[in-house]
Amino acid sequence: MPAPWVRQSQGGASLTQILLGVNVAVFLLSLASPAVDELGANFGPLTLTGQWWRLVTYMFLHSGFIHIAFNMWCLWDLGALCESLYGRATFAAIYLITGIAGGVATVGWHPLGATVGASGAIFGLAGALVASFYLGEFSMPSAVIKGTLKSLAFFVVINVLLGGVFPGVDNACHIGGLISGMILGALVARVAPERDQRLQRAGILVLVALIVIASAVGVFRWRGSQIHFETEPDSRIFSQVNQCARA
């Protein structure tokens with residue numbers, strides 16, 4: 001696999017830059033229209049009763065300037081490394097699958113809560129990188145690999161610990177993204193480390209995506225049966241959405 005610091009000449013913006021731009025654009029839009037958060041947050045009572053798209057849209061919403069600034073800083077660093085290591089298509093799939101896995105973990109852990117933020121997917125990138133650097137073969141010095149592993153492990157441990165200390169942080173989302181990312185990273189490193197192994201990589205991504213979907217179905221059946229949610233005025237329905245946990 002090419003060294004992570006070697007950028008492939010693809011022309012135009014990288015996917016990391018595109019994702020960052022989309023997140024910032026949606027955040028600015030939500031400042032102008034708070035209804036954006038209401039329509040897209042991973043709000044358990046609505047997600048569990050059929051609005052499954054919230055498992056995707058919540059990843060592009062943030063609850064404040066500090067929240068989005070920290071997440072975009074992490075995305076800039078981890079996304080660039082992930083994209084250069086795996087390639088654009090695999091990176092995109094890891095980001096989406098692990099973000100959804102984080103959302104599924106959220107509604108499973110606290111089904112009445114509301115969550116916004118990209119860090120489920122960001123933790124997924126970190127998990128994939130940890131597993132790949134630990135198990136993979138790379139054209140870079142072992143000292144560099146060890147240093148990167150230590151930095152990634154520090155990032156994961158510190159943020160999980162902080163999430164357990166500070167209120168309003170959705171650690172379930174972080175852990176769901178992290179575990180799914182580690183599974184993806186390990187399988188890619190062992191089964192399809194080369195970018196031209198497209199069929200094998202596609203098989204891995206489909207397999208993990210099916211596992212996430214099966215987990216979501218299980219959570220929906222488990223938690224959905226506990227939700228007794230009737231139509232109410234918007235201001236009451238979304239009173240929890242306006243107090244979203246940060247992921």
# chains A, B, ... in the order shown; residues from 1 in each chain; ligands from 1
>>> residues_around(residues="stretch 55-59 of chain A", least_positions_apart="5", cutoff="10 Å", atoms="only C-alpha atoms", output="PyMOL selection string")
chain A and resi 23+36-44+47+95-97+99-104+106-107+114-122+216+247
>>> residues_around(residues="A:Thr98", least_positions_apart="4", cutoff="10 Å", atoms="only C-alpha atoms", output="list of chain:residue names")
A:Ala93, A:Ile94, A:Gly102, A:Gly103, A:Val104, A:Ser119, A:Gly120, A:Ala121, A:Ile122, A:Phe123, A:Gly124, A:Leu125, A:Gly127, A:Ala128, A:Cys173, A:His174, A:Ile175, A:Gly176, A:Gly177, A:Leu178, A:Ile179, A:Ser180, A:Gly181, A:Met182, A:Ile183, A:Leu184, A:Val208, A:Ala209, A:Val212
>>> write_last_selection(atoms="C-alpha atoms", output="PDB file, in the first residue's frame")
ATOM      1  CA  ALA A  93     -17.719   3.589   2.650  1.00  0.00           C
ATOM      2  CA  ILE A  94     -15.937   3.379   6.024  1.00  0.00           C
ATOM      3  CA  GLY A 102     -22.654   4.854  15.778  1.00  0.00           C
ATOM      4  CA  GLY A 103     -26.218   6.045  15.256  1.00  0.00           C
ATOM      5  CA  VAL A 104     -27.570   2.526  15.778  1.00  0.00           C
ATOM      6  CA  SER A 119     -17.725  11.885  15.665  1.00  0.00           C
ATOM      7  CA  GLY A 120     -19.344   8.441  15.297  1.00  0.00           C
ATOM      8  CA  ALA A 121     -17.880   8.353  11.795  1.00  0.00           C
ATOM      9  CA  ILE A 122     -14.659  10.016  12.987  1.00  0.00           C
ATOM     10  CA  PHE A 123     -14.206   7.350  15.652  1.00  0.00           C
ATOM     11  CA  GLY A 124     -14.879   4.823  12.893  1.00  0.00           C
ATOM     12  CA  LEU A 125     -11.959   6.246  10.913  1.00  0.00           C
ATOM     13  CA  GLY A 127     -10.763   2.473  14.661  1.00  0.00           C
ATOM     14  CA  ALA A 128     -10.069   1.473  11.056  1.00  0.00           C
ATOM     15  CA  CYS A 173     -22.104   6.684  19.300  1.00  0.00           C
ATOM     16  CA  HIS A 174     -18.327   6.911  19.710  1.00  0.00           C
ATOM     17  CA  ILE A 175     -17.984   3.266  20.731  1.00  0.00           C
ATOM     18  CA  GLY A 176     -20.331   2.028  18.003  1.00  0.00           C
ATOM     19  CA  GLY A 177     -18.299   3.853  15.370  1.00  0.00           C
ATOM     20  CA  LEU A 178     -15.004   2.722  16.873  1.00  0.00           C
ATOM     21  CA  ILE A 179     -15.869  -0.995  16.984  1.00  0.00           C
ATOM     22  CA  SER A 180     -17.310  -1.085  13.469  1.00  0.00           C
ATOM     23  CA  GLY A 181     -14.264   0.826  12.198  1.00  0.00           C
ATOM     24  CA  MET A 182     -11.853  -1.617  13.818  1.00  0.00           C
ATOM     25  CA  ILE A 183     -13.680  -4.542  12.205  1.00  0.00           C
ATOM     26  CA  LEU A 184     -13.512  -2.888   8.783  1.00  0.00           C
ATOM     27  CA  VAL A 208     -19.972  -5.231   7.472  1.00  0.00           C
ATOM     28  CA  ALA A 209     -22.806  -3.096   6.089  1.00  0.00           C
ATOM     29  CA  VAL A 212     -24.796  -3.062  10.748  1.00  0.00           C
TER      30      VAL A 212
END
>>> closest_residue(among="A:Arg195, A:His62, A:Arg54, A:His110", to="A:Leu85", atoms="only C-alpha atoms")
A:Arg195
>>> select_by_dssp(residues="stretch 8-237 of chain A", states="alpha helix (DSSP H)", output="count of residues only")
169
>>> closest_residue(among="A:Leu15, A:Leu20, A:Leu29, A:Ala92", to="A:Cys74", atoms="only C-alpha atoms")
A:Leu20
>>> residues_around(residues="A:Glu83", least_positions_apart="6", cutoff="8 Å", atoms="only C-alpha atoms", output="count of residues only")
4
>>> atom_distance(atom1="atom CA of A:Gly50", atom2="atom CA of A:Gly108")
14.8 Å
>>> closest_residue(among="A:Val206, A:Ala172, A:Ala32, A:Val188", to="A:Pro111", atoms="only C-alpha atoms")
A:Ala172
>>> atom_distance(atom1="atom CA of A:Leu75", atom2="atom CA of A:Lys146")
21.0 Å
>>> atom_distance(atom1="atom CA of A:Gly185", atom2="atom CA of A:Val130")
7.5 Å
>>> closest_residue(among="A:Ala13, A:Ala25, A:Ala89, A:Ala131", to="A:Ile68", atoms="only C-alpha atoms")
A:Ala25
